[in-house]
$ cat structure38.txt   # compact mmCIF, C-alpha atoms
# COMPACT_ATOMS: atom_id res chain seq x y z
CA MET A 1134 72.99 107.65 74.62
CA SER A 1135 75.56 110.30 73.66
CA ALA A 1136 79.30 109.73 74.13
CA THR A 1137 79.37 112.50 76.75
CA ASN A 1138 76.63 110.88 78.85
CA ALA A 1139 78.29 107.45 78.54
CA ALA A 1140 81.58 108.91 79.73
CA SER A 1141 79.86 110.51 82.74
CA LEU A 1142 78.16 107.24 83.71
CA ALA A 1143 81.53 105.47 83.68
CA PHE A 1144 82.47 107.45 86.81
CA TYR A 1145 79.11 107.16 88.66
CA ASN A 1146 77.49 103.82 89.47
CA GLU A 1147 74.01 104.43 90.94
CA THR A 1148 72.86 100.84 90.33
CA ASP A 1149 75.56 99.31 92.52
CA GLU A 1150 75.24 102.08 95.12
CA LEU A 1151 71.51 101.34 95.46
CA GLY A 1152 72.24 97.60 95.50
CA LEU A 1153 74.72 97.94 98.35
CA LEU A 1154 72.33 100.08 100.38
CA GLY A 1155 69.57 97.53 99.72
CA CYS A 1156 71.83 94.80 101.14
CA CYS A 1157 72.29 96.89 104.30
CA LEU A 1158 68.52 97.34 104.64
CA LYS A 1159 67.76 93.65 104.03
CA GLY A 1160 70.74 91.99 105.69
CA ASN A 1161 71.20 90.72 109.22
CA LEU A 1162 73.83 92.15 111.58
CA ALA A 1163 76.51 89.67 110.40
CA ILE A 1164 76.10 90.67 106.73
CA VAL A 1165 76.02 94.40 107.52
CA SER A 1166 79.19 93.94 109.63
CA ASP A 1167 80.92 92.33 106.65
CA ILE A 1168 79.78 95.19 104.40
CA ALA A 1169 81.01 97.81 106.88
CA ALA A 1170 84.44 96.13 107.07
CA ALA A 1171 84.84 96.00 103.29
CA VAL A 1172 83.16 99.15 101.95
CA PRO A 1173 84.48 102.60 102.92
CA LEU A 1174 82.14 105.59 102.75
CA ASP A 1175 84.09 107.24 99.96
CA LEU A 1176 83.01 104.53 97.49
CA LEU A 1177 79.53 106.10 97.48
CA THR A 1178 79.13 109.33 95.52
CA ASN A 1179 75.34 109.90 95.61
CA THR A 1180 74.74 112.22 98.58
CA GLU A 1181 71.52 110.59 99.81
CA ILE A 1182 72.90 107.05 99.44
CA HIS A 1183 76.16 108.11 101.12
CA ASP A 1184 74.33 109.66 104.07
CA SER A 1185 71.97 106.68 104.34
CA TYR A 1186 74.91 104.30 104.46
CA GLU A 1187 76.47 106.46 107.17
CA ILE A 1188 73.24 106.10 109.20
CA ALA A 1189 73.40 102.32 108.69
CA LEU A 1190 76.97 102.28 110.05
CA THR A 1191 75.90 104.33 113.06
CA LEU A 1192 73.10 101.84 113.85
CA LEU A 1193 75.52 98.94 113.41
CA ALA A 1194 77.85 100.52 115.97
CA ASP A 1195 74.93 100.40 118.43
CA ASN A 1196 74.30 96.74 117.47
CA VAL A 1197 71.00 97.67 115.78
CA ARG A 1198 70.07 96.15 112.42
CA PRO A 1199 69.60 99.02 109.90
CA SER A 1200 66.08 98.12 108.83
CA LYS A 1201 63.92 100.68 107.05
CA GLU A 1202 62.06 101.42 110.32
CA ALA A 1203 65.30 101.86 112.31
CA MET A 1204 66.69 104.14 109.59
CA GLN A 1205 63.55 106.29 109.72
CA ARG A 1206 63.97 106.74 113.46
CA ALA A 1207 67.68 107.53 113.21
CA TRP A 1208 67.59 109.94 110.25
CA PRO A 1209 66.04 112.98 112.06
CA LEU A 1210 68.48 112.56 114.95
CA ARG A 1211 71.37 113.16 112.57
CA TYR A 1212 69.98 115.28 109.74
CA ARG A 1213 67.11 117.03 111.55
CA ASP A 1214 64.83 118.76 109.03
CA ARG A 1215 66.22 117.11 105.90
CA PRO A 1216 63.53 115.01 104.18
CA ILE A 1217 63.82 111.28 104.84
CA PRO A 1218 64.59 109.58 101.47
CA VAL A 1219 62.04 106.78 101.99
CA SER A 1220 61.27 106.40 98.28
CA MET A 1221 64.97 105.95 97.52
CA TRP A 1222 65.19 103.27 100.26
CA ASP A 1223 62.20 101.49 98.70
CA THR A 1224 63.94 101.53 95.33
CA ALA A 1225 67.08 100.07 96.95
CA LEU A 1226 65.03 97.31 98.61
CA ASN A 1227 63.15 96.48 95.41
CA THR A 1228 66.28 96.28 93.26
CA THR A 1229 68.17 94.01 95.70
CA PRO A 1230 67.15 90.35 95.39
CA ASN A 1231 69.31 89.01 98.23
CA ALA A 1232 71.58 90.68 100.79
CA ILE A 1233 74.13 87.89 100.46
CA ASN A 1234 75.13 89.31 97.05
CA TRP A 1235 76.61 92.45 98.59
CA ASP A 1236 80.17 91.70 97.40
CA PHE A 1237 78.98 91.85 93.76
CA TYR A 1238 77.93 95.47 94.30
CA ARG A 1239 81.14 96.24 96.21
CA GLN A 1240 83.27 95.06 93.28
CA GLY A 1241 81.30 97.25 90.88
CA LEU A 1242 81.78 100.29 93.13
CA ALA A 1243 85.50 99.57 93.52
CA ASP A 1244 85.92 99.41 89.73
CA THR A 1245 84.08 102.71 89.35
CA GLN A 1246 86.30 104.35 91.95
CA ARG A 1247 89.38 103.11 90.11
CA ARG A 1248 88.05 104.63 86.91
CA ARG A 1249 87.72 107.96 88.72
CA THR A 1250 91.26 107.64 90.09
CA ILE A 1251 92.71 106.84 86.66
CA ARG A 1252 90.76 109.72 85.07
CA ASP A 1253 91.98 112.23 87.68
CA THR A 1254 95.57 111.01 87.39
CA ALA A 1255 95.41 111.07 83.59
CA LEU A 1256 94.34 114.71 83.73
CA LYS A 1257 97.22 115.45 86.09
CA ILE A 1258 99.69 113.57 83.85
CA ALA A 1259 98.44 115.51 80.81
CA GLU A 1260 99.11 118.70 82.74
CA ASP A 1261 102.58 117.51 83.85
CA VAL A 1262 103.67 116.35 80.40
CA SER A 1263 102.91 119.77 78.94
CA ASP A 1264 105.18 121.37 81.56
CA THR A 1265 108.65 121.29 79.99
CA THR A 1266 110.31 122.03 83.37
CA LYS A 1267 109.29 118.59 84.69
CA PRO A 1268 111.32 115.51 83.63
CA VAL A 1269 109.43 113.16 81.30
CA THR A 1270 110.78 110.16 83.24
CA GLN A 1271 109.07 111.42 86.39
CA THR A 1272 105.74 111.67 84.56
CA MET A 1273 106.15 108.19 83.09
CA ALA A 1274 106.98 106.76 86.52
CA LYS A 1275 103.81 108.32 87.91
CA MET A 1276 101.80 106.74 85.11
CA GLU A 1277 103.33 103.30 85.75
CA ALA A 1278 102.57 103.64 89.47
CA VAL A 1279 98.90 104.38 88.80
CA ILE A 1280 98.59 101.40 86.46
CA SER A 1281 100.22 99.09 89.01
CA GLU A 1282 98.14 100.44 91.88
CA ASN A 1283 94.89 99.94 90.01
CA THR A 1284 95.63 96.42 88.80
CA ARG A 1285 96.22 94.93 92.24
CA THR A 1286 93.65 93.98 94.83
CA ARG A 1287 92.84 96.68 97.35
CA SER A 1288 93.24 95.81 101.02
CA VAL A 1289 90.28 96.05 103.35
CA THR A 1290 89.81 95.78 107.10
CA ALA A 1291 89.25 92.15 108.05
CA THR A 1292 87.65 90.46 111.05
CA SER A 1293 89.61 88.00 113.19
CA ARG A 1294 87.42 85.21 111.81
CA ASP A 1295 88.41 86.13 108.23
CA VAL A 1296 92.10 86.33 109.14
CA LEU A 1297 91.97 82.97 110.94
CA LYS A 1298 90.27 81.38 107.93
CA ARG A 1299 92.97 82.65 105.56
CA HIS A 1300 95.68 81.58 108.02
CA ALA A 1301 94.23 78.07 108.15
CA GLU A 1302 94.22 77.94 104.34
CA GLN A 1303 97.83 79.13 104.24
CA MET A 1304 98.83 76.52 106.82
CA GLU A 1305 97.17 73.80 104.75
CA GLN A 1306 99.03 75.02 101.66
CA ALA A 1307 102.30 75.16 103.62
CA CYS A 1308 101.84 71.57 104.81
CA GLU A 1309 101.09 70.47 101.26
CA ARG A 1310 104.22 72.25 100.00
CA ARG A 1311 106.28 70.61 102.73
CA ARG A 1312 104.98 67.17 101.76
CA LYS A 1313 106.03 67.87 98.16
CA GLY A 1314 109.39 69.32 99.23
CA LEU A 1315 108.54 72.82 97.94
CA LEU A 1316 109.37 76.24 99.41
CA SER A 1317 107.00 79.12 100.12
CA GLY A 1318 109.39 81.46 98.27
CA ILE A 1319 111.86 81.31 95.38
CA PRO A 1320 114.72 78.81 95.75
CA THR A 1321 118.25 80.25 95.85
CA GLY A 1322 120.10 77.02 95.05
CA ILE A 1323 121.88 77.19 98.44
CA GLN A 1324 120.20 74.56 100.59
CA ARG A 1325 121.27 75.94 103.97
CA LEU A 1326 120.02 79.39 103.02
CA ASP A 1327 116.69 78.01 101.75
CA LYS A 1328 116.28 76.00 104.95
CA LEU A 1329 116.82 79.16 107.02
CA THR A 1330 114.57 81.46 104.96
CA ASP A 1331 112.21 79.07 103.09
CA GLY A 1332 113.32 80.85 99.92
CA LEU A 1333 113.18 84.47 98.77
CA GLN A 1334 109.73 85.63 99.82
CA PHE A 1335 107.24 87.31 97.49
CA GLY A 1336 106.37 90.92 98.31
CA GLU A 1337 109.51 91.33 100.44
CA MET A 1338 112.91 92.95 99.98
CA ALA A 1339 116.13 91.10 100.78
CA ILE A 1340 119.41 93.01 101.02
CA ILE A 1341 122.69 91.25 100.17
CA ALA A 1342 125.53 93.52 101.26
CA ALA A 1343 129.32 93.26 100.96
CA ARG A 1344 132.46 95.20 100.17
CA PRO A 1345 133.54 95.48 96.49
CA SER A 1346 134.92 92.32 94.83
CA ILE A 1347 133.61 90.02 97.55
CA GLY A 1348 131.01 88.41 95.25
CA LYS A 1349 127.63 90.08 95.77
CA THR A 1350 126.99 90.38 92.00
CA ALA A 1351 127.97 86.72 91.56
CA LEU A 1352 125.59 85.70 94.36
CA GLY A 1353 122.78 87.80 92.84
CA LEU A 1354 123.35 86.12 89.46
CA ASN A 1355 123.39 82.72 91.18
CA PHE A 1356 119.93 83.50 92.61
CA ALA A 1357 118.71 84.60 89.16
CA ARG A 1358 120.14 81.49 87.49
CA GLU A 1359 118.54 79.11 90.00
CA ALA A 1360 115.13 80.80 89.71
CA ALA A 1361 115.04 81.14 85.91
CA LEU A 1362 116.93 78.05 84.72
CA SER A 1363 116.08 75.50 87.43
CA ALA A 1364 112.60 76.62 88.54
CA GLY A 1365 111.37 78.41 85.38
CA ILE A 1366 110.52 81.56 87.35
CA PRO A 1367 110.71 84.83 85.32
CA VAL A 1368 113.54 87.05 86.58
CA LEU A 1369 114.58 90.67 85.97
CA PHE A 1370 118.21 91.60 86.67
CA VAL A 1371 118.62 95.39 86.96
CA THR A 1372 122.25 96.46 86.66
CA ALA A 1373 123.53 99.93 87.50
CA GLU A 1374 127.18 98.87 87.55
CA MET A 1375 128.01 96.30 84.86
CA SER A 1376 127.04 95.95 81.21
CA ASN A 1377 124.57 93.30 80.15
CA GLU A 1378 127.35 91.59 78.19
CA ALA A 1379 129.62 91.39 81.24
CA LEU A 1380 126.77 89.86 83.25
CA MET A 1381 126.09 87.35 80.46
CA ARG A 1382 129.77 86.34 80.46
CA ARG A 1383 129.54 85.59 84.18
CA LEU A 1384 126.28 83.72 83.72
CA ILE A 1385 127.75 81.56 80.96
CA ALA A 1386 130.80 80.82 83.15
CA ASP A 1387 128.46 79.63 85.90
CA VAL A 1388 126.02 77.64 83.73
CA GLY A 1389 128.66 76.12 81.45
CA THR A 1390 131.36 75.60 84.11
CA ILE A 1391 133.80 77.53 81.91
CA PRO A 1392 136.58 79.63 83.48
CA LEU A 1393 135.75 83.33 83.30
CA GLY A 1394 139.29 84.10 82.11
CA ALA A 1395 138.87 81.77 79.13
CA LEU A 1396 135.62 83.54 78.17
CA LYS A 1397 137.32 86.95 78.40
CA SER A 1398 140.28 85.90 76.24
CA GLY A 1399 138.30 83.67 73.88
CA ASN A 1400 140.83 80.89 74.46
CA LEU A 1401 138.42 77.95 74.78
CA SER A 1402 139.31 74.29 74.54
CA GLY A 1403 137.23 71.89 72.47
CA SER A 1404 135.19 70.65 75.44
CA GLU A 1405 134.71 74.24 76.65
CA ARG A 1406 133.34 75.22 73.25
CA LYS A 1407 130.75 72.46 73.52
CA ARG A 1408 129.78 73.56 77.03
CA TYR A 1409 129.67 77.15 75.79
CA ALA A 1410 127.15 76.22 73.06
CA LEU A 1411 125.02 74.25 75.53
CA ALA A 1412 125.08 77.13 78.04
CA GLN A 1413 124.00 79.57 75.33
CA ASP A 1414 121.08 77.36 74.37
CA THR A 1415 120.03 76.89 78.00
CA ILE A 1416 120.15 80.61 78.83
CA ALA A 1417 118.42 81.66 75.59
CA ASN A 1418 115.38 79.55 76.52
CA ALA A 1419 115.23 80.72 80.14
CA PRO A 1420 112.86 83.50 81.35
CA ILE A 1421 115.62 85.88 82.47
CA HIS A 1422 115.61 89.56 81.47
CA PHE A 1423 118.21 92.30 81.88
CA GLN A 1424 117.71 96.03 82.42
CA ASN A 1425 120.80 98.22 82.09
CA VAL A 1426 120.39 101.50 84.01
CA ILE A 1427 124.01 102.64 84.06
CA GLY A 1428 124.26 106.41 83.80
CA ASN A 1429 122.68 108.13 86.77
CA ALA A 1430 119.33 106.35 86.55
CA SER A 1431 116.64 107.53 88.97
CA VAL A 1432 114.80 105.12 91.23
CA SER A 1433 111.47 106.15 89.68
CA GLU A 1434 112.73 105.00 86.26
CA VAL A 1435 113.89 101.69 87.73
CA VAL A 1436 110.59 101.14 89.54
CA ALA A 1437 108.68 101.95 86.34
CA SER A 1438 110.72 99.39 84.39
CA ILE A 1439 110.14 96.77 87.10
CA ARG A 1440 106.38 97.33 87.02
CA ALA A 1441 106.38 97.11 83.23
CA ALA A 1442 108.35 93.83 83.38
CA VAL A 1443 105.91 92.40 85.93
CA ARG A 1444 102.99 93.14 83.61
CA LYS A 1445 104.68 92.14 80.34
CA HIS A 1446 106.90 89.21 81.38
CA LYS A 1447 105.19 88.10 84.65
CA VAL A 1448 108.46 88.66 86.51
CA LYS A 1449 108.52 87.21 90.05
CA LEU A 1450 112.13 87.85 91.10
CA VAL A 1451 113.98 91.17 90.72
CA VAL A 1452 117.70 91.57 91.47
CA VAL A 1453 119.02 95.16 91.66
CA ASP A 1454 122.80 95.68 91.42
CA TYR A 1455 123.25 97.81 93.37
CA LEU A 1456 121.14 100.03 95.62
CA GLN A 1457 123.55 102.89 96.29
CA LYS A 1458 124.14 103.35 92.55
CA LEU A 1459 120.55 104.47 91.96
CA ARG A 1460 119.67 108.16 92.10
CA ALA A 1461 116.82 109.53 94.19
CA ASP A 1462 114.17 111.64 92.43
CA GLY A 1463 114.36 114.51 94.89
CA LYS A 1464 117.35 116.64 95.87
CA HIS A 1465 118.82 115.86 99.28
CA GLU A 1466 121.42 117.55 101.42
CA LYS A 1467 122.99 114.26 102.46
CA LYS A 1468 123.66 110.97 100.69
CA THR A 1469 122.00 109.24 103.64
CA TYR A 1470 118.61 110.78 102.78
CA GLU A 1471 119.01 109.95 99.10
CA VAL A 1472 119.77 106.28 99.82
CA ALA A 1473 116.82 106.17 102.23
CA GLU A 1474 114.49 107.35 99.44
CA VAL A 1475 115.83 104.73 97.03
CA SER A 1476 115.51 101.97 99.64
CA GLY A 1477 111.94 102.98 100.47
CA ALA A 1478 110.95 103.11 96.78
CA LEU A 1479 112.32 99.60 96.10
CA LYS A 1480 110.56 98.20 99.17
CA ALA A 1481 107.26 99.82 98.15
CA CYS A 1482 107.69 98.38 94.65
CA ALA A 1483 108.20 94.87 96.06
CA VAL A 1484 105.06 95.16 98.19
CA SER A 1485 102.86 96.64 95.44
CA THR A 1486 103.94 94.23 92.69
CA GLY A 1487 104.35 91.13 94.86
CA VAL A 1488 107.81 90.31 93.50
CA ALA A 1489 110.68 88.94 95.55
CA MET A 1490 113.16 91.84 95.53
CA VAL A 1491 116.89 91.26 96.07
CA ALA A 1492 118.81 94.54 96.32
CA LEU A 1493 122.59 94.32 96.45
CA ALA A 1494 124.31 96.96 98.59
CA GLN A 1495 127.70 98.14 99.78
CA VAL A 1496 128.98 97.99 103.33
CA ASN A 1497 131.39 100.66 104.51
CA ARG A 1498 135.17 100.39 104.83
CA ASN A 1499 135.04 99.75 108.57
CA SER A 1500 134.05 96.18 107.78
CA GLU A 1501 137.57 95.63 106.38
CA ASP A 1502 139.17 96.32 109.75
CA ARG A 1503 141.16 93.46 111.21
CA ARG A 1504 140.05 91.78 114.37
CA PRO A 1505 142.11 92.77 117.41
CA GLY A 1506 145.38 90.88 116.93
CA THR A 1507 148.74 91.23 115.36
CA GLY A 1508 148.20 93.63 112.49
CA ASP A 1509 147.86 92.10 109.04
CA ALA A 1510 148.07 88.57 110.43
CA ALA A 1511 144.75 88.96 112.23
CA PRO A 1512 141.63 87.83 110.34
CA LEU A 1513 139.06 90.28 109.00
CA ARG A 1514 136.13 90.91 111.28
CA CYS A 1515 132.69 89.92 110.02
CA PRO A 1516 130.45 92.78 108.79
CA ALA A 1517 127.48 93.83 110.92
CA LEU A 1518 124.20 95.64 110.29
CA CYS A 1519 125.78 98.91 111.38
CA ASP A 1520 128.21 98.61 108.46
CA LEU A 1521 125.53 99.15 105.79
CA ALA A 1522 126.83 102.11 103.83
CA GLU A 1523 125.11 105.52 103.88
CA SER A 1524 121.82 104.71 105.56
CA GLY A 1525 120.28 102.83 108.48
CA GLN A 1526 117.01 103.10 106.57
CA ILE A 1527 118.16 100.16 104.40
CA GLU A 1528 118.20 97.99 107.52
CA ARG A 1529 114.72 99.18 108.50
CA ASP A 1530 113.19 98.68 105.04
CA ALA A 1531 114.68 95.23 104.47
CA ASP A 1532 112.76 92.10 105.42
CA LEU A 1533 116.01 90.13 105.24
CA VAL A 1534 119.63 91.28 105.39
CA GLY A 1535 122.46 88.97 104.35
CA LEU A 1536 126.04 90.15 104.87
CA LEU A 1537 128.50 88.39 102.57
CA HIS A 1538 131.90 87.85 104.18
CA ARG A 1539 134.99 86.55 102.39
CA ASP A 1540 138.63 87.05 103.35
CA ARG A 1541 140.43 87.29 100.00
CA SER A 1542 143.82 87.32 101.75
CA ASP A 1543 143.22 83.88 103.26
CA PRO A 1544 141.60 81.39 100.84
CA LYS A 1545 141.51 78.74 103.60
CA VAL A 1546 138.82 80.77 105.40
CA LYS A 1547 135.43 79.76 103.99
CA PRO A 1548 133.10 82.58 102.89
CA ARG A 1549 129.84 83.05 104.80
CA LEU A 1550 126.53 84.72 104.22
CA ILE A 1551 125.52 86.05 107.61
CA ILE A 1552 121.75 86.44 107.94
CA ALA A 1553 121.79 89.45 110.27
CA LYS A 1554 118.06 90.24 110.04
CA GLN A 1555 114.99 88.22 109.13
CA ARG A 1556 111.52 89.41 110.09
CA ASP A 1557 109.88 85.99 110.23
CA GLY A 1558 112.73 83.63 110.95
CA GLU A 1559 116.00 82.88 112.64
CA CYS A 1560 119.30 84.63 111.96
CA GLY A 1561 122.71 83.03 111.65
CA PRO A 1562 125.63 82.21 109.35
CA VAL A 1563 125.36 80.20 106.12
CA PRO A 1564 128.77 78.65 105.26
CA LEU A 1565 129.59 78.78 101.54
CA ASP A 1566 132.14 77.65 99.01
CA PHE A 1567 133.14 80.04 96.22
CA LYS A 1568 134.54 78.92 92.90
CA GLY A 1569 135.85 82.23 91.59
CA GLU A 1570 136.71 81.04 88.09
CA PHE A 1571 133.06 80.08 87.55
CA GLN A 1572 131.56 82.93 89.67
CA ARG A 1573 129.58 80.36 91.63
CA PHE A 1574 128.61 80.13 95.30
CA THR A 1575 127.53 76.74 96.66
CA ASP A 1576 126.83 75.14 100.02
CA ALA A 1577 130.05 74.62 101.92
CA ALA A 1578 131.33 71.06 101.89
CA PRO A 1579 131.42 69.54 105.40
CA ASP A 1580 134.79 69.61 107.14
CA ILE A 1581 136.46 66.20 107.29
CA HIS A 1582 138.61 65.62 110.35
CA ALA A 1583 141.19 62.91 110.77
CA GLU A 1584 139.12 61.09 113.37
CA ASP A 1585 136.24 60.86 110.90
CA THR A 1586 138.36 58.73 108.51
CA GLU A 1587 139.69 56.29 111.12
CA PRO A 1588 138.23 52.78 111.03
$ encode --input "structure38.txt" --output "structure tokens"
Amino acid sequence: MSATNAASLAFYNETDELGLLGCCLKGNLAIVSDIAAAVPLDLLTNTEIHDSYEIALTLLADNVRPSKEAMQRAWPLRYRDRPIPVSMWDTALNTTPNAINWDFYRQGLADTQRRRTIRDTALKIAEDVSDTTKPVTQTMAKMEAVISENTRTRSVTATSRDVLKRHAEQMEQACERRRKGLLSGIPTGIQRLDKLTDGLQFGEMAIIAARPSIGKTALGLNFAREAALSAGIPVLFVTAEMSNEALMRRLIADVGTIPLGALKSGNLSGSERKRYALAQDTIANAPIHFQNVIGNASVSEVVASIRAAVRKHKVKLVVVDYLQKLRADGKHEKKTYEVAEVSGALKACAVSTGVAMVALAQVNRNSEDRRPGTGDAAPLRCPALCDLAESGQIERDADLVGLLHRDRSDPKVKPRLIIAKQRDGECGPVPLDFKGEFQRFTDAAPDIHAEDTEP
């Protein structure tokens, strides 16, 4: 066989097309219903097989098994004077040993379709890359998207019976996890938050929003540290604001319990030097990766790097610091539209790659208003969903929104992470303690009242 013929056959799979049609002709109504739910018409490229399958679907809709005899009666009603492809149907029947094997043929057809998709996209990419007016990063992002799209399982329409079966399996797994004390998502290290959310969920996007210098980067690093160092889960931290070295300094302060100021000045005591060496060793052996995108990085570049990290390092948690710092690919009249594009791209990336995505975000200045009271003596009001800066689309895209609140003017007021939105769970406040010198958030210690200490 010549190389040209072999290349052509890679994009046309007559054997599996005939096999699938044979399963329709041999199978009972239940099997044909399963085939119809899982195999779209566009998987079939041979005209006669395509049209025959369409006839089979029409008969199924009338609750008629698409036997050879039923197909012969139905063909003229749809295609009139076109010859009935009886010999082709006989070939399909003879080459199909058992209708129950239909999913084997479906997988072969799906792979062939993916080959066609990759080929067509590769031709388009080759055309784009030769056009010097188009940014190379945009072409690379398109290539990464195609690779990611074609390495994940395609979704198909499912029957209620199939969905109930998968739900029962998931419930069994959830009960088993509960017995072992495990979460369905990635642990954050904050017990009250994990109890409320069951961890950071895979394939979802969580937004952690706050004003500057409140601690959202510290909280994002805390999540990364707990996942990578305590649970051994590969993490990617994407920073559009701080250098990798500055993030590492904060991480060492947290892991080694070393004051951040001492790390900045280099003025470490003897015990701190020992903890510094231990922290270095611990972090060096942890599956945590950093991606610095400071400098007007586009969201397509960020998404491409995330997909590459998922394939290369098996990353399961991505923290992006922060959302409004990323640039949209297109030109927009308003910042609101640009942020909406970035938010949508990050959410789509989380869904397509299956990672747990944590995107840090800014809230607007209105959240720093004082509560009605006596001027500066009144406490700060808590931020709300409407305070998310630049775009309400962030709120719509997010599966979970946590609003970090901390009154820096009153250290006696405990910080809180307010879960303002959660698609599959309750909302409410999570009280926290913040140790600023170590850049570490923890569960708030319970308040001890005088009456609690009386005998």
$ atom_distance --input "structure38.txt" --atom1 "atom CA of A:Ser1200" --atom2 "atom CA of A:Val1296"
28.6 Å
$ residues_around --input "structure38.txt" --residues "A:Leu1352" --least-positions-apart "3" --cutoff "8 Å" --atoms "only C-alpha atoms" --output "list of chain:residue names"
A:Gly1348, A:Lys1349, A:Asn1355, A:Phe1356, A:Arg1573, A:Phe1574
$ write_last_selection --input "structure38.txt" --atoms "C-alpha atoms" --output "CSV table (one decimal), in the frame of the given file"
chain,number,residue,atom,x,y,z
A,1348,GLY,CA,131.0,88.4,95.2
A,1349,LYS,CA,127.6,90.1,95.8
A,1355,ASN,CA,123.4,82.7,91.2
A,1356,PHE,CA,119.9,83.5,92.6
A,1573,ARG,CA,129.6,80.4,91.6
A,1574,PHE,CA,128.6,80.1,95.3
$ atom_distance --input "structure38.txt" --atom1 "atom CA of A:Pro1544" --atom2 "atom CA of A:Leu1384"
23.1 Å
$ closest_residue --input "structure38.txt" --among "A:Val1219, A:Ile1182, A:Ala1361, A:Val1197" --to "A:Asn1161" --atoms "all atoms listed in the file"
A:Val1197
$ residues_around --input "structure38.txt" --residues "A:Thr1224" --least-positions-apart "2" --cutoff "10 Å" --atoms "only C-alpha atoms" --output "list of chain:residue names"
A:Leu1151, A:Gly1152, A:Leu1154, A:Gly1155, A:Val1219, A:Ser1220, A:Met1221, A:Trp1222, A:Leu1226, A:Asn1227, A:Thr1228, A:Thr1229
$ residues_near_point --input "structure38.txt" --point "(127.6, 82.6, 101.1)" --cutoff "8 Å" --atoms "only C-alpha atoms" --output "ChimeraX atom specification"
/A:1352,1537-1538,1548-1551,1563-1567,1574-1576
$ closest_residue --input "structure38.txt" --among "A:Ile1366, A:Ala1343, A:Lys1468, A:Leu1393" --to "A:Leu1518" --atoms "only C-alpha atoms"
A:Ala1343
$ closest_atom_pairs --input "structure38.txt" --of "stretch 1151-1229 of chain A" --to "stretch 1239-1245 of chain A" --cutoff "9 Å" --atoms "only C-alpha atoms" --output "Markdown table"
| residue | atom | partner | partner_atom | distance |
| --- | --- | --- | --- | --- |
| A:Leu1153 | CA | A:Arg1239 | CA | 7.0 |
| A:Ile1168 | CA | A:Arg1239 | CA | 8.4 |
| A:Ala1171 | CA | A:Arg1239 | CA | 8.0 |
| A:Val1172 | CA | A:Arg1239 | CA | 6.7 |
| A:Leu1176 | CA | A:Leu1242 | CA | 6.2 |
| A:Leu1177 | CA | A:Leu1242 | CA | 7.6 |
$ residues_around --input "structure38.txt" --residues "A:Lys1328" --least-positions-apart "6" --cutoff "12 Å" --atoms "all atoms listed in the file" --output "list in words"
Arg1311, Gly1314, Leu1315, Leu1316, Ser1317, Gly1318, Ile1319, Pro1320, Thr1321, Gly1322, Gly1558, Glu1559, Cys1560, Gly1561, Val1563 and Asp1576 of chain A
$ residues_around --input "structure38.txt" --residues "A:Arg1249" --least-positions-apart "6" --cutoff "10 Å" --atoms "all atoms listed in the file" --output "list in words"
Ala1143, Phe1144, Tyr1145, Ala1243 and Ala1255 of chain A
$ residues_around --input "structure38.txt" --residues "A:Ser1431" --least-positions-apart "3" --cutoff "12 Å" --atoms "all atoms listed in the file" --output "PyMOL selection string"
chain A and resi 1268-1271+1274+1373+1426-1428+1434-1438+1456-1464+1471-1472+1474-1475+1478-1479
$ write_last_selection --input "structure38.txt" --atoms "C-alpha atoms" --output "short mmCIF file (atom, residue, chain, number, x, y, z; two decimals), in the coordinates of the input"
data_model
loop_
_atom_site.label_atom_id
_atom_site.label_comp_id
_atom_site.auth_asym_id
_atom_site.auth_seq_id
_atom_site.Cartn_x
_atom_site.Cartn_y
_atom_site.Cartn_z
CA PRO A 1268 111.32 115.51 83.63
CA VAL A 1269 109.43 113.16 81.30
CA THR A 1270 110.78 110.16 83.24
CA GLN A 1271 109.07 111.42 86.39
CA ALA A 1274 106.98 106.76 86.52
CA ALA A 1373 123.53 99.93 87.50
CA VAL A 1426 120.39 101.50 84.01
CA ILE A 1427 124.01 102.64 84.06
CA GLY A 1428 124.26 106.41 83.80
CA GLU A 1434 112.73 105.00 86.26
CA VAL A 1435 113.89 101.69 87.73
CA VAL A 1436 110.59 101.14 89.54
CA ALA A 1437 108.68 101.95 86.34
CA SER A 1438 110.72 99.39 84.39
CA LEU A 1456 121.14 100.03 95.62
CA GLN A 1457 123.55 102.89 96.29
CA LYS A 1458 124.14 103.35 92.55
CA LEU A 1459 120.55 104.47 91.96
CA ARG A 1460 119.67 108.16 92.10
CA ALA A 1461 116.82 109.53 94.19
CA ASP A 1462 114.17 111.64 92.43
CA GLY A 1463 114.36 114.51 94.89
CA LYS A 1464 117.35 116.64 95.87
CA GLU A 1471 119.01 109.95 99.10
CA VAL A 1472 119.77 106.28 99.82
CA GLU A 1474 114.49 107.35 99.44
CA VAL A 1475 115.83 104.73 97.03
CA ALA A 1478 110.95 103.11 96.78
CA LEU A 1479 112.32 99.60 96.10
#
$ atom_distance --input "structure38.txt" --atom1 "atom CA of A:Pro1230" --atom2 "atom CA of A:Asn1146"
18.0 Å
$ closest_residue --input "structure38.txt" --among "A:Arg1206, A:Lys1480, A:Arg1211, A:Arg1358" --to "A:Gln1526" --atoms "all atoms listed in the file"
A:Lys1480
